[in-house]
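Engineer: Structure file query31.txt (compact mmCIF, C-alpha atoms and all ligand atoms) right here:
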```
# COMPACT_ATOMS: atom_id res chain seq x y z
CA MET A 12 0.00 0.00 0.00
CA TRP A 13 1.13 3.53 -0.67
CA SER A 14 -0.33 7.02 -0.92
CA PHE A 15 0.82 10.33 -2.35
CA ALA A 16 -0.62 13.83 -1.98
CA ASN A 17 0.49 17.34 -2.83
CA PRO A 18 -2.09 20.14 -2.84
CA VAL A 19 0.00 22.97 -4.36
CA ALA A 20 -1.35 24.48 -7.59
CA ILE A 21 1.68 24.85 -9.87
CA GLU A 22 2.16 27.26 -12.74
CA PHE A 23 5.46 26.90 -14.59
CA GLY A 24 7.10 28.76 -17.45
CA ASP A 25 9.13 31.75 -18.59
CA GLY A 26 7.18 34.90 -17.86
CA CYS A 27 4.56 33.34 -15.58
CA PHE A 28 5.75 35.83 -12.91
CA SER A 29 3.54 38.39 -14.69
CA ARG A 30 0.46 36.46 -13.50
CA VAL A 31 1.15 37.34 -9.86
CA GLY A 32 -1.60 40.00 -9.91
CA THR A 33 -4.19 37.46 -11.07
CA HIS A 34 -3.30 35.20 -8.16
CA VAL A 35 -3.13 37.91 -5.51
CA ALA A 36 -6.65 38.66 -6.72
CA GLY A 37 -7.14 41.84 -4.75
CA ARG A 38 -6.25 40.30 -1.39
CA ARG A 39 -4.48 42.33 1.29
CA TYR A 40 -0.98 40.85 1.09
CA ALA A 41 2.46 40.91 2.67
CA LEU A 42 5.52 40.63 0.44
CA VAL A 43 8.51 38.71 1.81
CA THR A 44 11.85 39.02 0.02
CA TYR A 45 15.53 39.99 0.41
CA ALA A 46 17.04 43.48 0.74
CA ASP A 47 18.88 43.40 -2.58
CA PRO A 48 18.55 45.65 -5.64
CA ILE A 49 17.40 42.77 -7.91
CA PHE A 50 14.61 41.98 -5.48
CA THR A 51 13.67 45.60 -4.86
CA ALA A 52 13.12 45.89 -8.62
CA LEU A 53 11.06 42.68 -8.72
CA ALA A 54 9.04 43.87 -5.70
CA ALA A 55 8.22 47.05 -7.62
CA ARG A 56 6.97 44.91 -10.51
CA ILE A 57 4.76 42.97 -8.10
CA SER A 58 3.32 46.23 -6.79
CA ALA A 59 2.57 47.30 -10.36
CA LEU A 60 0.90 43.97 -11.15
CA ALA A 61 -0.96 43.32 -7.89
CA GLY A 62 -1.26 46.67 -6.14
CA ALA A 63 1.00 47.78 -3.28
CA PRO A 64 1.53 45.26 -0.46
CA ALA A 65 0.11 46.10 2.96
CA LEU A 66 3.46 45.03 4.48
CA ILE A 67 6.95 44.41 3.11
CA VAL A 68 9.38 42.17 4.99
CA ASP A 69 12.50 42.61 2.89
CA ASP A 70 15.31 41.80 5.29
CA VAL A 71 15.40 38.00 4.93
CA GLN A 72 18.91 36.62 5.46
CA PRO A 73 20.13 33.23 4.19
CA ASN A 74 19.19 30.45 6.65
CA PRO A 75 16.37 32.09 8.64
CA ASP A 76 17.31 32.22 12.31
CA LEU A 77 15.09 32.18 15.39
CA ALA A 78 16.51 35.51 16.48
CA ALA A 79 15.42 37.34 13.31
CA LEU A 80 12.04 35.65 12.93
CA ALA A 81 10.47 37.02 16.12
CA PRO A 82 10.63 40.71 15.06
CA ALA A 83 9.50 39.80 11.51
CA CYS A 84 6.43 38.02 12.93
CA ALA A 85 5.65 40.94 15.23
CA ARG A 86 5.38 43.20 12.18
CA LEU A 87 2.57 40.99 10.87
CA ALA A 88 0.43 41.44 13.98
CA ALA A 89 -2.68 43.62 13.58
CA GLN A 90 -2.21 43.79 9.82
CA ARG A 91 -5.15 41.53 8.77
CA ILE A 92 -3.00 40.01 6.05
CA GLU A 93 -4.91 37.62 3.73
CA LEU A 94 -1.99 36.33 1.65
CA ILE A 95 1.81 36.17 1.88
CA VAL A 96 3.74 36.49 -1.39
CA ALA A 97 7.18 34.89 -0.99
CA LEU A 98 9.64 36.10 -3.63
CA GLY A 99 13.01 34.40 -3.22
CA GLY A 100 14.77 31.13 -2.50
CA GLY A 101 14.27 28.67 0.33
CA SER A 102 15.13 31.20 3.03
CA VAL A 103 12.35 33.53 1.87
CA ILE A 104 9.74 30.81 1.35
CA ASP A 105 10.57 29.24 4.73
CA THR A 106 10.35 32.66 6.41
CA ALA A 107 6.95 33.13 4.77
CA LYS A 108 5.83 29.79 6.25
CA VAL A 109 6.91 30.88 9.73
CA LEU A 110 5.10 34.21 9.34
CA ALA A 111 2.02 32.41 7.98
CA ALA A 112 1.96 30.01 10.93
CA SER A 113 2.63 32.66 13.57
CA GLY A 114 -0.36 34.87 12.88
CA GLY A 115 1.90 37.66 14.16
CA ASP A 116 2.97 35.86 17.35
CA PHE A 117 6.28 34.08 16.97
CA ALA A 118 5.99 32.55 20.46
CA ARG A 119 3.34 30.16 19.07
CA VAL A 120 5.73 28.87 16.42
CA GLN A 121 8.59 28.67 18.90
CA ARG A 122 6.52 26.53 21.28
CA HIS A 123 5.66 24.30 18.35
CA LEU A 124 9.33 23.97 17.38
CA LEU A 125 10.43 23.19 20.93
CA GLU A 126 7.55 20.98 22.09
CA GLY A 127 6.37 19.39 18.79
CA ALA A 128 3.06 17.54 19.00
CA LYS A 129 2.64 18.46 22.69
CA ALA A 130 2.28 22.17 21.85
CA ALA A 131 -1.16 23.66 21.17
CA PRO A 132 -2.03 23.37 17.46
CA LEU A 133 -1.04 26.33 15.34
CA PRO A 134 -3.84 28.63 14.19
CA THR A 135 -4.98 28.37 10.56
CA PRO A 136 -2.01 29.69 8.58
CA ILE A 137 -2.23 32.61 6.16
CA PRO A 138 -2.13 31.29 2.54
CA ILE A 139 1.17 31.61 0.67
CA LEU A 140 1.88 32.39 -2.98
CA ALA A 141 5.43 31.10 -3.52
CA VAL A 142 7.55 32.59 -6.30
CA PRO A 143 10.92 30.79 -6.13
CA THR A 144 14.02 32.52 -7.48
CA THR A 145 16.40 29.59 -6.95
CA ALA A 146 16.26 26.10 -8.47
CA GLY A 147 16.28 24.97 -5.71
CA THR A 148 14.97 23.95 -2.42
CA GLY A 149 11.53 22.81 -3.55
CA SER A 150 10.10 24.73 -0.59
CA GLU A 151 7.36 26.01 -2.93
CA VAL A 152 5.86 22.49 -2.89
CA THR A 153 6.64 21.33 0.67
CA CYS A 154 4.78 21.93 3.93
CA TRP A 155 7.78 22.52 6.16
CA ALA A 156 10.31 25.23 6.92
CA THR A 157 13.84 24.96 8.24
CA VAL A 158 14.46 27.30 11.16
CA TRP A 159 18.04 27.74 12.30
CA ASP A 160 19.20 28.53 15.82
CA GLY A 161 22.77 29.70 15.28
CA ALA A 162 23.29 30.67 18.92
CA GLY A 163 22.08 27.29 20.18
CA GLY A 164 23.82 25.32 17.39
CA ARG A 165 20.50 23.67 16.47
CA LYS A 166 18.16 23.35 13.52
CA PHE A 167 14.38 22.98 13.76
CA SER A 168 11.78 21.93 11.28
CA LEU A 169 8.38 23.59 11.32
CA ALA A 170 6.00 21.06 9.77
CA ASP A 171 2.27 21.35 9.28
CA SER A 172 0.26 20.04 6.34
CA ARG A 173 -1.57 23.39 6.17
CA LEU A 174 1.74 25.10 5.30
CA TYR A 175 1.82 23.91 1.70
CA PRO A 176 1.70 27.10 -0.37
CA GLU A 177 -1.63 27.74 -2.04
CA ARG A 178 0.21 28.15 -5.34
CA ALA A 179 3.74 28.05 -6.76
CA LEU A 180 4.55 30.38 -9.65
CA VAL A 181 7.77 28.89 -11.02
CA ASP A 182 9.27 31.28 -13.56
CA PRO A 183 12.73 30.08 -14.68
CA GLU A 184 13.58 33.59 -15.92
CA LEU A 185 13.83 34.66 -12.26
CA THR A 186 16.89 32.41 -11.91
CA HIS A 187 18.81 33.87 -14.88
CA ALA A 188 20.85 36.28 -12.75
CA ALA A 189 21.83 33.71 -10.13
CA PRO A 190 25.64 33.67 -9.75
CA ALA A 191 27.55 30.43 -10.38
CA GLY A 192 28.00 29.56 -6.70
CA LEU A 193 24.27 29.85 -6.01
CA THR A 194 23.41 27.90 -9.17
CA VAL A 195 25.67 25.05 -8.03
CA SER A 196 24.60 24.93 -4.39
CA THR A 197 20.88 25.12 -5.15
CA GLY A 198 21.13 22.65 -8.06
CA LEU A 199 22.93 20.19 -5.79
CA ASP A 200 20.32 20.71 -3.06
CA ALA A 201 17.71 19.60 -5.60
CA LEU A 202 19.82 16.59 -6.61
CA SER A 203 20.09 15.67 -2.95
CA HIS A 204 16.31 15.93 -2.51
CA ALA A 205 15.81 13.56 -5.44
CA LEU A 206 18.32 10.94 -4.24
CA GLU A 207 17.32 11.25 -0.58
CA SER A 208 13.70 10.54 -1.50
CA ILE A 209 14.83 7.29 -3.14
CA TRP A 210 16.92 5.80 -0.29
CA ASN A 211 14.07 6.61 2.03
CA ARG A 212 11.64 4.58 4.15
CA ASN A 213 8.79 6.75 2.88
CA ALA A 214 9.55 6.26 -0.85
CA ASN A 215 6.58 5.38 -3.04
CA PRO A 216 6.06 4.87 -6.79
CA VAL A 217 5.07 8.50 -7.44
CA SER A 218 7.97 10.02 -5.49
CA GLY A 219 10.25 7.53 -7.25
CA GLN A 220 9.17 8.64 -10.73
CA PHE A 221 9.66 12.32 -9.93
CA ALA A 222 13.00 11.64 -8.22
CA VAL A 223 14.47 9.68 -11.13
CA ALA A 224 13.36 12.30 -13.65
CA ALA A 225 14.81 15.09 -11.50
CA ALA A 226 18.17 13.41 -10.80
CA ARG A 227 18.76 12.43 -14.43
CA GLU A 228 17.99 15.95 -15.57
CA ILE A 229 20.21 17.66 -12.98
CA LEU A 230 23.17 15.39 -13.78
CA ALA A 231 22.69 16.18 -17.49
CA THR A 232 22.09 19.92 -17.11
CA LEU A 233 24.09 21.48 -14.27
CA PRO A 234 27.61 21.37 -15.79
CA ALA A 235 26.28 22.70 -19.11
CA LEU A 236 24.43 25.47 -17.28
CA LEU A 237 27.63 26.55 -15.53
CA ARG A 238 29.27 26.95 -18.92
CA ALA A 239 26.24 28.84 -20.32
CA PRO A 240 24.51 30.55 -17.37
CA ARG A 241 22.29 32.71 -19.61
CA ASP A 242 20.94 29.73 -21.57
CA ALA A 243 17.17 29.98 -21.08
CA ALA A 244 16.48 26.36 -22.05
CA LEU A 245 19.00 25.03 -19.50
CA ARG A 246 17.58 27.33 -16.79
CA ARG A 247 14.10 25.97 -17.61
CA ARG A 248 15.33 22.38 -17.35
CA MET A 249 17.00 23.04 -13.97
CA ALA A 250 13.93 24.83 -12.62
CA GLN A 251 11.66 21.97 -13.63
CA ALA A 252 14.06 19.36 -12.25
CA ALA A 253 14.26 21.17 -8.89
CA LEU A 254 10.46 21.36 -8.83
CA PHE A 255 10.20 17.62 -9.55
CA ALA A 256 12.72 16.87 -6.79
CA GLY A 257 10.60 19.02 -4.48
CA ILE A 258 7.47 17.06 -5.37
CA ALA A 259 9.33 13.79 -4.73
CA PHE A 260 10.62 14.71 -1.28
CA SER A 261 7.42 16.55 -0.30
CA ASN A 262 6.07 13.08 0.46
CA THR A 263 9.17 11.37 1.84
CA LYS A 264 11.21 14.09 3.60
CA THR A 265 14.98 13.87 3.31
CA ALA A 266 17.40 11.30 4.73
CA LEU A 267 21.01 10.81 5.81
CA ALA A 268 22.86 13.33 3.62
CA HIS A 269 20.59 16.10 4.94
CA SER A 270 20.89 14.81 8.50
CA ILE A 271 24.68 15.06 8.19
CA SER A 272 24.47 18.50 6.58
CA TYR A 273 22.92 20.42 9.46
CA ALA A 274 25.96 20.17 11.73
CA VAL A 275 28.29 21.07 8.86
CA THR A 276 26.25 24.20 8.09
CA LEU A 277 25.91 25.21 11.75
CA ARG A 278 29.55 24.65 12.70
CA HIS A 279 31.38 25.44 9.47
CA GLY A 280 28.98 27.79 7.67
CA LEU A 281 28.75 25.68 4.54
CA ALA A 282 25.80 26.63 2.27
CA HIS A 283 22.90 24.19 2.65
CA GLY A 284 23.07 22.88 -0.93
CA LEU A 285 26.77 22.02 -0.63
CA ALA A 286 26.47 20.61 2.88
CA CYS A 287 23.68 18.22 1.87
CA SER A 288 25.33 17.03 -1.35
CA PHE A 289 29.08 16.54 -0.86
CA THR A 290 28.39 13.26 0.99
CA LEU A 291 26.01 11.83 -1.63
CA PRO A 292 28.57 9.47 -3.24
CA GLN A 293 29.43 7.84 0.11
CA VAL A 294 25.79 7.68 1.20
CA MET A 295 24.98 6.03 -2.14
CA ARG A 296 27.83 3.50 -1.72
CA SER A 297 26.51 2.61 1.73
CA VAL A 298 23.00 1.85 0.49
CA ILE A 299 23.77 -0.27 -2.57
CA GLY A 300 22.21 -3.69 -2.07
CA ALA A 301 20.10 -2.64 0.93
CA ASP A 302 16.78 -2.66 -0.90
CA ALA A 303 15.83 -3.97 -4.36
CA ALA A 304 13.40 -1.15 -5.18
CA CYS A 305 15.98 1.48 -4.21
CA ASP A 306 18.66 -0.24 -6.32
CA ALA A 307 16.25 -0.34 -9.28
CA ARG A 308 15.57 3.41 -9.02
CA LEU A 309 19.28 4.21 -8.74
CA ARG A 310 19.96 2.04 -11.83
CA GLU A 311 17.45 4.13 -13.77
CA ILE A 312 19.67 7.12 -12.99
CA PHE A 313 23.18 5.69 -12.99
CA GLY A 314 22.99 2.55 -15.14
CA GLY A 315 23.50 -1.10 -14.18
CA ASP A 316 26.75 -0.81 -12.21
CA LEU A 317 25.86 1.17 -9.08
CA ALA A 318 29.39 1.21 -7.63
CA ALA A 319 30.57 2.81 -10.87
CA GLY A 320 27.54 5.11 -10.61
CA ALA A 321 28.66 6.35 -7.18
CA SER A 322 32.09 7.11 -8.65
CA ARG A 323 30.39 8.98 -11.52
CA LEU A 324 28.46 10.98 -8.95
CA GLU A 325 31.74 11.86 -7.23
CA ALA A 326 33.27 12.94 -10.56
CA PHE A 327 30.14 15.01 -11.27
CA LEU A 328 30.52 16.86 -7.94
CA GLN A 329 34.17 17.53 -8.70
CA GLU A 330 33.25 18.78 -12.17
CA VAL A 331 30.98 21.42 -10.62
CA GLY A 332 33.71 22.33 -8.12
CA VAL A 333 32.55 20.46 -5.02
CA SER A 334 34.93 18.35 -2.95
CA PRO A 335 33.50 15.14 -1.51
CA ARG A 336 35.92 15.33 1.48
CA ALA A 337 34.75 16.69 4.84
CA ALA A 338 38.30 17.78 5.68
CA ASP A 339 38.09 20.34 2.87
CA TYR A 340 35.32 22.10 4.82
CA GLY A 341 37.35 22.25 8.03
CA VAL A 342 35.87 19.14 9.69
CA THR A 343 38.35 17.14 11.77
CA PRO A 344 38.29 13.30 11.65
CA ALA A 345 37.05 13.01 15.27
CA GLU A 346 34.35 15.58 14.64
CA TRP A 347 33.34 13.79 11.44
CA HIS A 348 32.88 10.52 13.26
CA ALA A 349 30.64 12.19 15.85
CA ILE A 350 28.65 14.04 13.16
CA ILE A 351 27.96 10.87 11.16
CA ASP A 352 27.09 8.92 14.29
CA ALA A 353 24.60 11.55 15.45
CA ALA A 354 23.19 12.02 11.93
CA ILE A 355 22.27 8.34 11.56
CA GLY A 356 20.10 8.59 14.68
CA GLY A 357 18.75 12.05 13.80
CA GLU A 358 15.16 12.65 12.69
CA ARG A 359 16.02 12.68 8.98
CA GLY A 360 18.69 10.00 9.40
CA GLN A 361 15.99 7.61 10.55
CA ASN A 362 14.33 7.89 7.12
CA PHE A 363 17.46 6.35 5.57
CA ILE A 364 17.12 2.69 4.59
CA GLY A 365 20.83 1.78 4.83
CA ARG A 366 22.65 0.14 7.73
CA ARG A 367 24.84 1.97 10.26
CA GLU A 368 27.87 -0.33 9.69
CA ALA A 369 27.63 0.16 5.92
CA VAL A 370 27.59 3.94 6.41
CA PHE A 371 30.74 3.89 8.55
CA ALA A 372 32.42 1.58 6.03
CA ALA A 373 31.50 3.84 3.10
CA PHE A 374 32.94 6.87 4.93
CA ALA A 375 36.04 4.82 5.84
CA LEU A 376 35.44 5.55 9.52
CA PRO A 377 36.27 3.07 12.33
N1 LIG A 401 11.43 24.04 3.23
C1 LIG A 401 12.08 23.21 2.46
O1 LIG A 401 11.48 22.28 1.93
C2 LIG A 401 13.56 23.42 2.24
C3 LIG A 401 14.26 22.51 1.45
C4 LIG A 401 15.63 22.73 1.27
C5 LIG A 401 16.26 23.83 1.84
N2 LIG A 401 15.55 24.68 2.63
C6 LIG A 401 16.18 25.86 3.26
O2 LIG A 401 16.32 26.87 2.27
C7 LIG A 401 17.43 27.70 2.61
C8 LIG A 401 18.34 27.86 1.40
O3 LIG A 401 17.60 28.44 0.35
P1 LIG A 401 18.29 28.73 -1.07
O4 LIG A 401 19.39 27.77 -1.29
O5 LIG A 401 17.19 28.80 -2.07
O6 LIG A 401 18.97 30.16 -0.91
P2 LIG A 401 18.59 31.43 0.00
O7 LIG A 401 17.14 31.71 -0.07
O8 LIG A 401 19.22 31.26 1.33
O9 LIG A 401 19.35 32.60 -0.79
C9 LIG A 401 20.78 32.63 -0.79
C10 LIG A 401 21.24 33.94 -1.44
O10 LIG A 401 20.91 33.93 -2.82
C11 LIG A 401 20.40 35.19 -3.23
N3 LIG A 401 19.48 34.93 -4.35
C12 LIG A 401 18.36 34.17 -4.34
N4 LIG A 401 17.82 34.09 -5.58
C13 LIG A 401 18.64 34.80 -6.40
C14 LIG A 401 18.62 35.10 -7.80
N5 LIG A 401 17.68 34.60 -8.62
N6 LIG A 401 19.60 35.87 -8.30
C15 LIG A 401 20.59 36.36 -7.51
N7 LIG A 401 20.66 36.12 -6.17
C16 LIG A 401 19.70 35.35 -5.63
C17 LIG A 401 19.73 35.75 -1.99
O11 LIG A 401 19.72 37.16 -2.02
C18 LIG A 401 20.58 35.19 -0.86
O12 LIG A 401 21.60 36.10 -0.52
C19 LIG A 401 18.11 27.06 3.81
O13 LIG A 401 17.72 27.70 4.99
C20 LIG A 401 17.59 25.64 3.77
O14 LIG A 401 17.60 25.03 5.04
C21 LIG A 401 14.22 24.50 2.82
FE FE A 402 17.80 20.48 1.05
```
If you convert what's in this file into structure tokens, what do you get?
Structural biologist:
Amino acid sequence: MWSFANPVAIEFGDGCFSRVGTHVAGRRYALVTYADPIFTALAARISALAGAPALIVDDVQPNPDLAALAPACARLAAQRIELIVALGGGSVIDTAKVLAASGGDFARVQRHLLEGAKAAPLPTPIPILAVPTTAGTGSEVTCWATVWDGAGGRKFSLADSRLYPERALVDPELTHAAPAGLTVSTGLDALSHALESIWNRNANPVSGQFAVAAAREILATLPALLRAPRDAALRRRMAQAALFAGIAFSNTKTALAHSISYAVTLRHGLAHGLACSFTLPQVMRSVIGADAACDARLREIFGGDLAAGASRLEAFLQEVGVSPRAADYGVTPAEWHAIIDAAIGGERGQNFIGRREAVFAAFALP
């Protein structure tokens, strides 16, 4: 038995950004974005298309942190906002989810993050119109948000099935100006979502189809895109692949590579997309032979010889400039052992279908 559900209405294509006014549909809205000239200009276009927002939260920083979210939520209070338009990458869309769930009172979200199911249920969230500008996190089609606690060295996940955006407007043209480093890290995040949804206890035939399509496309497209960053067709392919990866993991959540990544980001500042992807070859090696359905999916991506496939994956990472070695990110061997050990038992690590001993062997750790 299996089931699959994703309620987000998706509109995809170059120029679909211009339909934002149709989807705001006269509602009193808040705009969430970054303080950056590119985004200030896009925000002005939204105002022209949809009318001026009742509130602008334009100070979103990468990796939304507890400390910054409380004042952002307070600004929402007493505003009677009917819709949140999230214009940006995962940090903006996740911030929008926190704002939507808070109803202006961040303490409610914080209790939920700290106490989980024991906390009082969140109020009905404000609907979200997600307009992603990275390809990407897939946050436009998931119902959770990553909340970082830099001071406490922790990462939380806000999860509620009512936090799926009402609609995702995926316009690949919005990614054209993304610099190479962002294109790589976000593209690899999407690849990680695809693979992590395959070696996952929650995998199902629908997530599997989307994951295979996404991974094949990212492997074929990302190096070419780095050579031709203004190529509209390649940007379209990456945007669609990231969306497909998002749909796949929206029903499975992530697994071991993501579980490992959080400590690397918190302690060493590595961008999420790099932190959750540089370990993929070793994680793949550790899972080969663990499950026939998983092997079959991986063969659809990498061909019949999965060990050779893991080496190809490693060569692919190196081709896009990413080292598969933890030491290159400042992680010491003792620290690495502790990180892997904790990650296997972590919330996302428990979704992974491989065995602990096989993981340590693949990472060449005692
Ligand atoms: N909710 C989910 O399902 C989910 C999934 C994966 C990752 N995440 C989270 O998403 C965050 C990472 O998001 P991200 O990788 O999309 O990046 P981001 O939103 O953190 O943005 C990184 C930087 O890129 C810039 N930027 C974004 N789009 C741009 C564009 N088109 N052109 C030029 N610059 C641009 C921003 O100004 C910012 O400085 C992390 O906090 C991660 O934990 C969430
Ligand atoms: Fe991710």
Engineer: Return the single residue from A:Ala46, A:Ala89, A:Ala266, A:Leu169 that is closest to Gln121 (chain A), with distances computed using all atoms listed in the file.
Structural biologist: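 Distance minimum relative to Gln121 (chain A) lands on A:Leu169.
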Engineer: With only C-alpha atoms as the atoms that count, which of A:Thr135, A:Thr343, A:Ser288, A:Ser272 lies nearest to Ser203 (chain A)?
Structural biologist: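 Of A:Thr135, A:Thr343, A:Ser288, A:Ser272, the one nearest Ser203 (chain A), counting only C-alpha atoms, is A:Ser288.
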Engineer: What is the distance, in Å and to one decimal place, between CA of Ala259 (chain A) and CA of Trp210 (chain A)?
Structural biologist: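 CA of Ala259 (chain A) sits 11.9 Å away from CA of Trp210 (chain A).
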Engineer: Check the smallest atom-to-atom distance from each of A:Ala65, A:Leu317, A:Ala252, A:Ile271 to Phe363 (chain A) using all atoms listed in the file, then report the winner.
Structural biologist: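 Among A:Ala65, A:Leu317, A:Ala252, A:Ile271, it is A:Ile271 that comes nearest to Phe363 (chain A).
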Engineer: Please extract the residues at most 8 Å from ligand LIG 401 (chain A), counting only C-alpha atoms and all ligand atoms, and provide them as a PyMOL selection string, using the chain letters and residue numbers of this document.
Structural biologist: chain A and resi 45-47+49-50+72-75+99-105+143-159+185-190+193+196-197+200-201+204+257+261+282-284
Engineer: Please identify all polymer residues within 10 Å of Pro64 (chain A), counting all atoms listed in the file, omitting same-chain residues fewer than 5 positions from it, and present them as JSON, numbers by chain.
Structural biologist: {"A": [38, 39, 40, 41, 42, 43, 54, 55, 57, 58, 92, 94, 95, 96]}
Engineer: Rank nothing, just name the residue among A:Ile350, A:Leu237, A:Leu202, A:Ala375 nearest to ligand FE 402 (chain A), using only C-alpha atoms and all ligand atoms.
Structural biologist: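 Checking each candidate against ligand FE 402 (chain A), we get A:Leu202 as the closest.
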Engineer: Nearest to ligand FE 402 (chain A): which of A:Ile139, A:Cys27, A:Leu267, A:Ala354 is it, counting only C-alpha atoms and all ligand atoms?
Structural biologist: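 Closest to ligand FE 402 (chain A) of all the choices is A:Leu267.
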Engineer: Excluding region 319-327 of chain A and any residue of its chain fewer than 3 positions from it, enumerate the residues within 10 Å of it, using only C-alpha atoms, and give them as a PDB file with C-alpha atoms, keeping the file's coordinate frame.
Structural biologist:
```
ATOM      1  CA  LEU A 230      23.170  15.390 -13.780  1.00  0.00           C
ATOM      2  CA  ALA A 231      22.690  16.180 -17.490  1.00  0.00           C
ATOM      3  CA  LEU A 233      24.090  21.480 -14.270  1.00  0.00           C
ATOM      4  CA  PRO A 234      27.610  21.370 -15.790  1.00  0.00           C
ATOM      5  CA  PHE A 289      29.080  16.540  -0.860  1.00  0.00           C
ATOM      6  CA  THR A 290      28.390  13.260   0.990  1.00  0.00           C
ATOM      7  CA  LEU A 291      26.010  11.830  -1.630  1.00  0.00           C
ATOM      8  CA  PRO A 292      28.570   9.470  -3.240  1.00  0.00           C
ATOM      9  CA  GLN A 293      29.430   7.840   0.110  1.00  0.00           C
ATOM     10  CA  VAL A 294      25.790   7.680   1.200  1.00  0.00           C
ATOM     11  CA  MET A 295      24.980   6.030  -2.140  1.00  0.00           C
ATOM     12  CA  ARG A 296      27.830   3.500  -1.720  1.00  0.00           C
ATOM     13  CA  SER A 297      26.510   2.610   1.730  1.00  0.00           C
ATOM     14  CA  ILE A 299      23.770  -0.270  -2.570  1.00  0.00           C
ATOM     15  CA  LEU A 309      19.280   4.210  -8.740  1.00  0.00           C
ATOM     16  CA  ARG A 310      19.960   2.040 -11.830  1.00  0.00           C
ATOM     17  CA  ILE A 312      19.670   7.120 -12.990  1.00  0.00           C
ATOM     18  CA  PHE A 313      23.180   5.690 -12.990  1.00  0.00           C
ATOM     19  CA  GLY A 314      22.990   2.550 -15.140  1.00  0.00           C
ATOM     20  CA  GLY A 315      23.500  -1.100 -14.180  1.00  0.00           C
ATOM     21  CA  ASP A 316      26.750  -0.810 -12.210  1.00  0.00           C
ATOM     22  CA  GLU A 330      33.250  18.780 -12.170  1.00  0.00           C
ATOM     23  CA  VAL A 331      30.980  21.420 -10.620  1.00  0.00           C
ATOM     24  CA  GLY A 332      33.710  22.330  -8.120  1.00  0.00           C
ATOM     25  CA  VAL A 333      32.550  20.460  -5.020  1.00  0.00           C
ATOM     26  CA  SER A 334      34.930  18.350  -2.950  1.00  0.00           C
ATOM     27  CA  PRO A 335      33.500  15.140  -1.510  1.00  0.00           C
TER      28      PRO A 335
END
```
Engineer: Which residue, A:His348, A:His34, A:Arg122, A:Lys108, has the smallest gap to Pro377 (chain A) when you use all atoms listed in the file?
Structural biologist: A:His348
Engineer: In Å, rounded to a single decimal, give me how far CA of Leu133 (chain A) is from CA of Gly37 (chain A).
Structural biologist: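 Distance reported for this atom pair: 26.1 Å.
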Engineer: Padding 5 Å on every side, please: axis-aligned box over the listed atoms of region 283-292 of chain A, centre and edge lengths to one decimal in Å, as JSON.
Structural biologist:
```
{"center_x": 26.0, "center_y": 16.8, "center_z": -0.2, "size_x": 16.2, "size_y": 24.7, "size_z": 16.1}
```
